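Enquirer: So here's query_39.cif (mmCIF, C-alpha atoms).
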```
data_input
loop_
_atom_site.label_atom_id
_atom_site.label_comp_id
_atom_site.auth_asym_id
_atom_site.auth_seq_id
_atom_site.Cartn_x
_atom_site.Cartn_y
_atom_site.Cartn_z
CA MET A 1 7.19 11.75 26.57
CA GLN A 2 8.96 13.98 24.08
CA LYS A 3 6.63 16.06 21.93
CA GLN A 4 6.80 17.82 18.60
CA LYS A 5 10.43 17.52 17.62
CA LYS A 6 10.44 19.13 14.19
CA VAL A 7 12.31 17.50 11.33
CA SER A 8 11.70 18.93 7.83
CA SER A 9 7.91 19.09 7.48
CA VAL A 10 7.21 16.44 10.09
CA HIS A 11 6.47 16.81 13.79
CA PHE A 12 7.19 13.85 16.03
CA ASP A 13 5.20 12.89 19.10
CA PHE A 14 7.03 9.95 20.63
CA GLU A 15 4.63 8.16 22.96
CA ASN A 16 6.54 6.47 25.79
CA LEU A 17 9.78 6.55 23.80
CA SER A 18 11.69 5.29 26.82
CA ASP A 19 9.96 1.95 26.28
CA PHE A 20 11.73 1.53 22.92
CA PRO A 21 15.33 0.35 22.36
CA VAL A 22 16.43 3.53 20.55
CA ASP A 23 16.99 7.23 21.19
CA SER A 24 14.99 10.10 19.70
CA GLY A 25 17.95 11.48 17.75
CA THR A 26 18.40 8.22 15.85
CA VAL A 27 14.71 8.03 15.04
CA SER A 28 14.50 11.69 13.97
CA SER A 29 17.46 11.27 11.62
CA MET A 30 15.90 8.13 10.14
CA PHE A 31 12.56 9.82 9.54
CA GLU A 32 14.19 12.81 7.85
CA THR A 33 16.12 10.46 5.55
CA ILE A 34 12.98 8.49 4.68
CA LEU A 35 11.01 11.65 3.91
CA ASN A 36 13.73 12.85 1.54
CA GLU A 37 13.83 9.43 -0.15
CA GLN A 38 10.07 9.02 -0.57
CA LEU A 39 9.36 12.45 -2.06
CA PRO A 40 11.24 11.76 -5.34
CA ASP A 41 9.41 8.42 -5.73
CA LEU A 42 6.21 10.40 -6.26
CA ASN A 43 8.09 13.14 -8.11
CA MET A 44 7.35 15.61 -5.31
CA GLN A 45 9.83 18.35 -4.47
CA ASN A 46 8.50 18.87 -0.97
CA THR A 47 5.47 18.36 1.21
CA LYS A 48 3.48 21.35 2.41
CA VAL A 49 1.59 19.38 5.02
CA LYS A 50 2.97 18.97 8.53
CA ARG A 51 2.57 15.39 9.68
CA GLU A 52 2.09 14.21 13.22
CA VAL A 53 3.90 10.94 13.90
CA GLN A 54 3.32 8.71 16.92
CA ILE A 55 5.43 5.69 17.76
CA VAL A 56 3.41 3.39 20.00
CA ASP A 57 3.73 -0.05 21.51
CA GLY A 58 0.97 -2.15 20.00
CA GLY A 59 -2.38 -1.35 18.44
CA GLY A 60 -1.40 -1.41 14.78
CA SER A 61 -0.04 1.12 12.31
CA GLY A 62 -2.00 3.43 10.07
CA ALA A 63 -2.34 6.85 8.48
CA GLU A 64 -5.35 9.13 8.63
CA GLY A 65 -5.59 12.83 7.94
CA ASN A 66 -2.14 14.14 8.81
CA LEU A 67 -1.43 11.56 11.51
CA ILE A 68 0.99 8.67 11.01
CA ARG A 69 0.85 6.04 13.73
CA VAL A 70 3.50 3.31 13.74
CA ALA A 71 3.62 0.34 16.10
CA PRO A 72 6.92 -1.45 15.45
CA ASP A 73 7.96 -4.78 16.90
CA THR A 74 9.72 -4.11 20.19
CA GLY A 75 10.82 -7.63 21.09
CA SER A 76 13.88 -8.23 18.91
CA GLY A 77 16.43 -5.60 19.87
CA GLU A 78 17.45 -2.26 18.41
CA SER A 79 18.48 -3.44 14.94
CA CYS A 80 15.19 -5.25 14.19
CA PHE A 81 13.23 -2.43 15.82
CA LEU A 82 14.79 0.13 13.47
CA GLU A 83 14.24 -2.04 10.40
CA ASN A 84 10.59 -2.52 11.28
CA LEU A 85 10.19 1.17 12.12
CA ASP A 86 11.71 2.13 8.76
CA LEU A 87 9.30 -0.15 6.90
CA LEU A 88 6.17 0.99 8.73
CA PHE A 89 6.91 4.71 8.66
CA ARG A 90 7.94 4.59 4.98
CA HIS A 91 4.70 2.83 4.06
CA GLU A 92 2.36 5.11 6.01
CA LEU A 93 4.20 8.26 4.90
CA THR A 94 3.84 7.20 1.26
CA HIS A 95 0.07 6.83 1.77
CA LEU A 96 -0.18 10.44 2.93
CA LEU A 97 2.20 11.80 0.29
CA LEU A 98 0.11 10.04 -2.37
CA ALA A 99 -3.06 11.57 -0.94
CA GLU A 100 -1.40 14.99 -0.98
CA ALA A 101 -0.24 14.56 -4.58
CA CYS A 102 -3.70 13.43 -5.70
CA GLY A 103 -5.64 15.93 -3.60
CA THR A 104 -7.68 13.15 -1.98
CA GLY A 105 -7.29 10.07 0.16
CA ASN A 106 -10.14 8.29 -1.63
CA ILE A 107 -7.89 6.61 -4.18
CA GLN A 108 -8.71 3.48 -6.15
CA ILE A 109 -7.64 0.61 -3.91
CA ILE A 110 -5.08 -1.16 -6.10
CA PHE A 111 -3.11 2.11 -6.28
CA TRP A 112 -3.79 3.15 -2.68
CA GLU A 113 -2.12 -0.06 -1.47
CA GLY A 114 0.06 -0.91 -4.45
CA ILE A 115 2.03 2.34 -4.63
CA PRO A 116 3.11 2.37 -0.95
CA ASN A 117 3.86 -1.34 -1.07
CA TRP A 118 6.07 -0.81 -4.12
CA PHE A 119 7.91 2.33 -3.04
CA ALA A 120 8.15 1.30 0.64
CA GLU A 121 8.08 -2.46 1.32
CA ASN A 122 9.60 -3.49 -1.99
CA LYS A 123 12.39 -0.94 -1.64
CA VAL A 124 13.30 -2.03 1.90
CA ARG A 125 13.00 -5.77 1.27
CA THR A 126 14.97 -5.62 -1.99
CA ILE A 127 17.86 -3.98 -0.15
CA LYS A 128 17.65 -6.40 2.77
CA PHE A 129 17.01 -9.69 0.94
CA GLY A 130 18.32 -9.03 -2.57
CA PHE A 131 15.19 -9.73 -4.60
CA SER A 132 12.14 -7.70 -5.52
CA TYR A 133 8.39 -8.18 -5.51
CA HIS A 134 8.63 -8.59 -9.28
CA GLU A 135 10.65 -11.76 -8.70
CA TYR A 136 8.09 -13.05 -6.22
CA CYS A 137 5.28 -12.42 -8.69
CA ARG A 138 7.20 -14.08 -11.49
CA ALA A 139 7.53 -17.16 -9.29
CA PHE A 140 3.78 -17.23 -8.65
CA LEU A 141 3.10 -16.71 -12.35
CA VAL A 142 5.20 -19.69 -13.52
CA SER A 143 3.64 -21.75 -10.71
CA ASP A 144 0.17 -20.80 -11.98
CA LYS A 145 -0.68 -19.23 -8.63
CA LEU A 146 -0.87 -15.56 -9.56
CA LEU A 147 -4.27 -14.11 -8.64
CA PRO A 148 -6.39 -12.37 -11.32
CA LEU A 149 -6.26 -8.60 -10.87
CA ASN A 150 -10.03 -8.18 -11.14
CA LEU A 151 -10.07 -9.35 -7.50
CA PHE A 152 -8.14 -6.21 -6.52
CA VAL A 153 -10.60 -3.51 -7.57
CA ILE A 154 -13.18 -3.33 -4.75
CA ALA A 155 -11.90 -2.29 -1.31
CA HIS A 156 -13.86 -4.77 0.81
CA ASP A 157 -12.83 -7.65 -1.47
CA TYR A 158 -9.17 -6.63 -1.31
CA TYR A 159 -9.03 -6.16 2.45
CA SER A 160 -11.08 -9.25 3.28
CA MET A 161 -8.41 -11.41 1.62
CA ARG A 162 -5.33 -9.37 2.51
CA ARG A 163 -3.94 -12.00 4.86
CA ASP A 164 -3.09 -13.80 1.65
CA PHE A 165 0.14 -11.86 1.05
CA ARG A 166 -0.23 -12.16 -2.73
CA TYR A 167 -2.66 -9.24 -2.63
CA ASP A 168 -0.11 -6.69 -1.42
CA LEU A 169 2.65 -8.41 -3.39
CA GLN A 170 0.81 -8.29 -6.72
CA ALA A 171 -0.61 -4.81 -6.21
CA ALA A 172 2.92 -3.57 -5.54
CA SER A 173 4.47 -5.30 -8.54
CA PHE A 174 1.67 -4.20 -10.88
CA CYS A 175 1.93 -0.57 -9.74
CA GLY A 176 5.72 -0.75 -9.97
CA TYR A 177 5.42 -1.99 -13.54
CA LEU A 178 2.95 0.77 -14.45
CA ALA A 179 5.09 3.46 -12.83
CA GLY A 180 8.14 2.23 -14.73
CA LYS A 181 6.37 2.12 -18.07
CA TYR A 182 4.03 5.13 -17.93
CA GLY A 183 5.58 7.29 -15.21
CA ILE A 184 4.27 8.10 -11.75
CA ASP A 185 3.17 11.57 -12.90
CA SER A 186 0.81 10.01 -15.46
CA ILE A 187 -0.68 7.72 -12.86
CA ILE A 188 -1.16 10.52 -10.33
CA GLY A 189 -2.71 12.68 -13.04
CA ALA A 190 -5.27 9.96 -13.78
CA LEU A 191 -5.94 9.39 -10.08
CA LYS A 192 -6.68 13.11 -9.70
CA GLU A 193 -9.38 12.78 -12.35
CA PHE A 194 -10.78 9.51 -11.01
CA GLN A 195 -14.39 9.72 -9.80
CA PRO A 196 -15.10 7.25 -6.97
CA PRO A 197 -18.44 5.42 -7.03
CA THR A 198 -21.50 7.08 -5.52
CA PRO A 199 -24.87 5.71 -4.37
CA ASP A 200 -26.39 7.10 -7.58
CA HIS A 201 -23.60 5.55 -9.66
CA PRO A 202 -22.30 2.50 -7.72
CA VAL A 203 -19.74 1.63 -10.36
CA ILE A 204 -15.96 1.56 -10.08
CA GLU A 205 -14.77 2.90 -13.43
CA ILE A 206 -11.43 1.08 -13.40
CA SER A 207 -11.18 0.95 -17.20
CA LYS A 208 -11.62 4.71 -17.52
CA LEU A 209 -8.96 5.27 -14.87
CA LEU A 210 -6.40 2.98 -16.49
CA MET A 211 -7.08 4.19 -20.01
CA GLY A 212 -6.52 7.74 -18.78
CA PHE A 213 -2.77 7.15 -18.58
CA SER A 214 -2.16 3.95 -20.58
CA GLY A 215 -4.87 3.74 -23.22
CA LYS A 216 -5.55 0.15 -22.10
CA LYS A 217 -8.04 -1.68 -19.93
CA LEU A 218 -7.17 -3.85 -16.93
CA SER A 219 -7.14 -7.15 -18.83
CA ALA A 220 -4.68 -5.81 -21.42
CA LEU A 221 -2.42 -4.23 -18.79
CA GLU A 222 -2.49 -7.45 -16.79
CA LYS A 223 -1.22 -9.37 -19.83
CA ASP A 224 1.48 -6.75 -20.42
CA TRP A 225 2.56 -6.99 -16.78
CA GLN A 226 2.76 -10.78 -16.95
CA LYS A 227 4.82 -10.62 -20.14
CA PHE A 228 7.15 -8.20 -18.39
CA LEU A 229 7.51 -10.59 -15.45
CA LEU A 230 8.36 -13.51 -17.75
CA ASN A 231 10.67 -11.68 -20.15
CA LYS A 232 12.34 -8.96 -18.07
CA VAL A 233 12.49 -10.27 -14.51
CA THR A 234 15.18 -12.67 -13.32
CA ALA A 235 13.98 -16.20 -12.58
CA ARG A 236 14.58 -17.30 -8.99
CA PRO A 237 14.32 -21.10 -8.59
CA ASP A 238 14.22 -20.75 -4.80
CA ARG A 239 11.21 -18.42 -5.04
CA GLU A 240 9.54 -20.69 -7.59
CA GLU A 241 9.91 -23.70 -5.32
CA ARG A 242 8.26 -21.83 -2.46
CA ALA A 243 5.52 -20.43 -4.72
CA ALA A 244 4.69 -23.89 -6.07
CA SER A 245 4.01 -25.17 -2.55
CA TYR A 246 2.08 -22.09 -1.41
CA THR A 247 -1.43 -22.68 -0.11
CA LEU A 248 -3.98 -20.12 0.97
CA PRO A 249 -3.73 -19.62 4.72
CA SER A 250 -6.84 -20.34 6.75
CA PHE A 251 -8.25 -17.49 8.77
CA GLU A 252 -11.51 -16.34 10.26
CA GLU A 253 -13.42 -13.51 8.66
CA PRO A 254 -12.63 -10.34 10.64
CA PRO A 255 -15.47 -8.48 12.41
CA TYR A 256 -14.86 -5.44 10.22
CA THR A 257 -14.94 -4.69 6.53
CA HIS A 258 -14.15 -1.73 4.28
CA CYS A 259 -16.49 0.65 2.51
CA GLY A 260 -16.40 0.31 -1.26
CA PHE A 261 -17.17 4.02 -1.62
CA CYS A 262 -14.67 5.69 0.72
CA ASN A 263 -12.34 2.74 1.56
CA ASP A 264 -12.64 3.35 5.32
CA ARG A 265 -12.94 0.45 7.74
CA TYR A 266 -16.10 -0.16 9.76
CA ASP A 267 -17.71 -2.88 11.84
CA ARG A 268 -19.82 -5.35 9.85
CA SER A 269 -22.83 -4.66 12.08
CA HIS A 270 -23.22 -1.16 10.59
CA THR A 271 -25.99 -0.64 8.07
CA HIS A 272 -24.36 2.59 6.89
CA CYS A 273 -20.71 3.53 6.61
CA PRO A 274 -19.95 5.72 9.66
CA TYR A 275 -17.54 7.82 7.57
CA CYS A 276 -19.35 8.57 4.31
CA GLY A 277 -22.88 7.55 5.32
CA VAL A 278 -23.50 5.26 2.35
CA ASP A 279 -25.84 2.30 2.77
CA THR A 280 -23.59 -0.75 3.23
CA GLY A 281 -26.10 -2.89 1.35
CA ILE A 282 -25.47 -1.16 -1.99
CA VAL A 283 -23.73 -3.58 -4.35
CA LEU A 284 -20.84 -2.23 -6.37
CA SER A 285 -20.07 -3.19 -9.93
CA VAL A 286 -16.89 -2.75 -11.95
CA ARG A 287 -16.35 -1.76 -15.53
#
```
Output the structure of this file as structure tokens.

Expert:
Amino acid sequence: MQKQKKVSSVHFDFENLSDFPVDSGTVSSMFETILNEQLPDLNMQNTKVKREVQIVDGGGSGAEGNLIRVAPDTGSGESCFLENLDLLFRHELTHLLLAEACGTGNIQIIFWEGIPNWFAENKVRTIKFGFSYHEYCRAFLVSDKLLPLNLFVIAHDYYSMRRDFRYDLQAASFCGYLAGKYGIDSIIGALKEFQPPTPDHPVIEISKLLMGFSGKKLSALEKDWQKFLLNKVTARPDREERAASYTLPSFEEPPYTHCGFCNDRYDRSHTHCPYCGVDTGIVLSVR
């Protein structure tokens, strides 16, 4: 195991790196490049926080505190391994940079997932495949299969349906549209001011958040976004054909859910969130 190889503001803790089809120098260079690419996306000059990064075989990827854990696919050779590693690290790093920029990790869920999915997944997949998440969403829109964005506001609703890839796809495209029109600084400024729901006020004030940088509520911004998709995004008949035949995948409800107050994941058997302590029976509303 090679520990704490410093690159820029990131430490690397490669767990069992010999098990992976790549050397530490290649990975370190990649991570440094990604860090320097992701900072400008959020209009950040640098990051003051030192991240700990673990590359592990299995167990899932995630970001919490200052730790980034990535579990790339190891079964397809070096090229696919590096592509998957790039995607996972870029996504998780963007989560933590966004939390640093906003001063909190408790960020309204459509932005918490949409911004990394736009600036990470969309960026990588556009380069690799030649079309963006906007084009995917346009295809779903003309096929009348775009999901209403009011389904994207509460964390446990979002995550319970996330195996339907339209959730991440639409959140990314919507946030990409907003960042292009209003600027990422305006969005981050509004997120800094956003007050998450509390037990005494179990309301997600999504309208107040959106109006803080756009002057519009969700329904109006959703219409603007859809007009943008129709009028400004290139039509892709191949994507439209696939979107027209798309059906919701069947899957079992997972044994865990996510807290609507702090967004953290917990087992459904809990009566209180183990992270923020809020009663899991409190029903959230949106306005």

Enquirer: Pull out every residue that the PyMOL selection byres ((chain A and resi 189) around 10) matches in the shown coordinates and put them as a PyMOL selection string.

Expert: chain A and resi 101-102+184-188+190-194+209+212-213

Enquirer: Mind pulling up the distance from CA of Glu92 (chain A) to CA of Ser61 (chain A)?

Expert: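 CA of Ser61 (chain A) sits 7.8 Å away from CA of Glu92 (chain A).
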
Enquirer: Just give me the residues with any atom within 10 Å of (9.3, -18.6, -3.3), file coordinates, counting only C-alpha atoms, written as a compact mmCIF listing (two decimals) with C-alpha atoms, keeping the file's coordinate frame.

Expert:
```txt
# COMPACT_ATOMS: atom_id res chain seq x y z
CA GLU A 135 10.65 -11.76 -8.70
CA TYR A 136 8.09 -13.05 -6.22
CA CYS A 137 5.28 -12.42 -8.69
CA ARG A 138 7.20 -14.08 -11.49
CA ALA A 139 7.53 -17.16 -9.29
CA PHE A 140 3.78 -17.23 -8.65
CA SER A 143 3.64 -21.75 -10.71
CA ARG A 236 14.58 -17.30 -8.99
CA PRO A 237 14.32 -21.10 -8.59
CA ASP A 238 14.22 -20.75 -4.80
CA ARG A 239 11.21 -18.42 -5.04
CA GLU A 240 9.54 -20.69 -7.59
CA GLU A 241 9.91 -23.70 -5.32
CA ARG A 242 8.26 -21.83 -2.46
CA ALA A 243 5.52 -20.43 -4.72
CA ALA A 244 4.69 -23.89 -6.07
CA SER A 245 4.01 -25.17 -2.55
CA TYR A 246 2.08 -22.09 -1.41
```

Enquirer: Mind giving me the straight-line distance from CA of Ile34 (chain A) to CA of Asn106 (chain A) in Å, one decimal?

Expert: 24.0 Å

Enquirer: Between A:Cys276, A:Ile107, A:Leu88, A:Val56, which has the minimum distance to Pro196 (chain A) (counting all atoms listed in the file)?

Expert: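 Once distances to Pro196 (chain A) are computed over all atoms listed in the file, the minimum belongs to A:Ile107.
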
Enquirer: Take CA of Val53 (chain A) and CA of Val70 (chain A) and report the distance between them in Å, one decimal.

Expert: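 Distance between the two atoms: 7.6 Å.
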
Enquirer: Taking (6.4, -1.0, -2.4) in the coordinates of the supplied file, I want to know which residues reach to within 9 Å of it, counting only C-alpha atoms; could you give the answer as a PyMOL selection string?

Expert: chain A and resi 91+113-125+133+168-169+171-173+175-176

Enquirer: Since I can't run it myself right now, could you work out what the PyMOL selection byres ((chain A and resi 285) around 7) selects here and report it as a PyMOL selection string?

Expert: chain A and resi 202-204+283-284+286-287
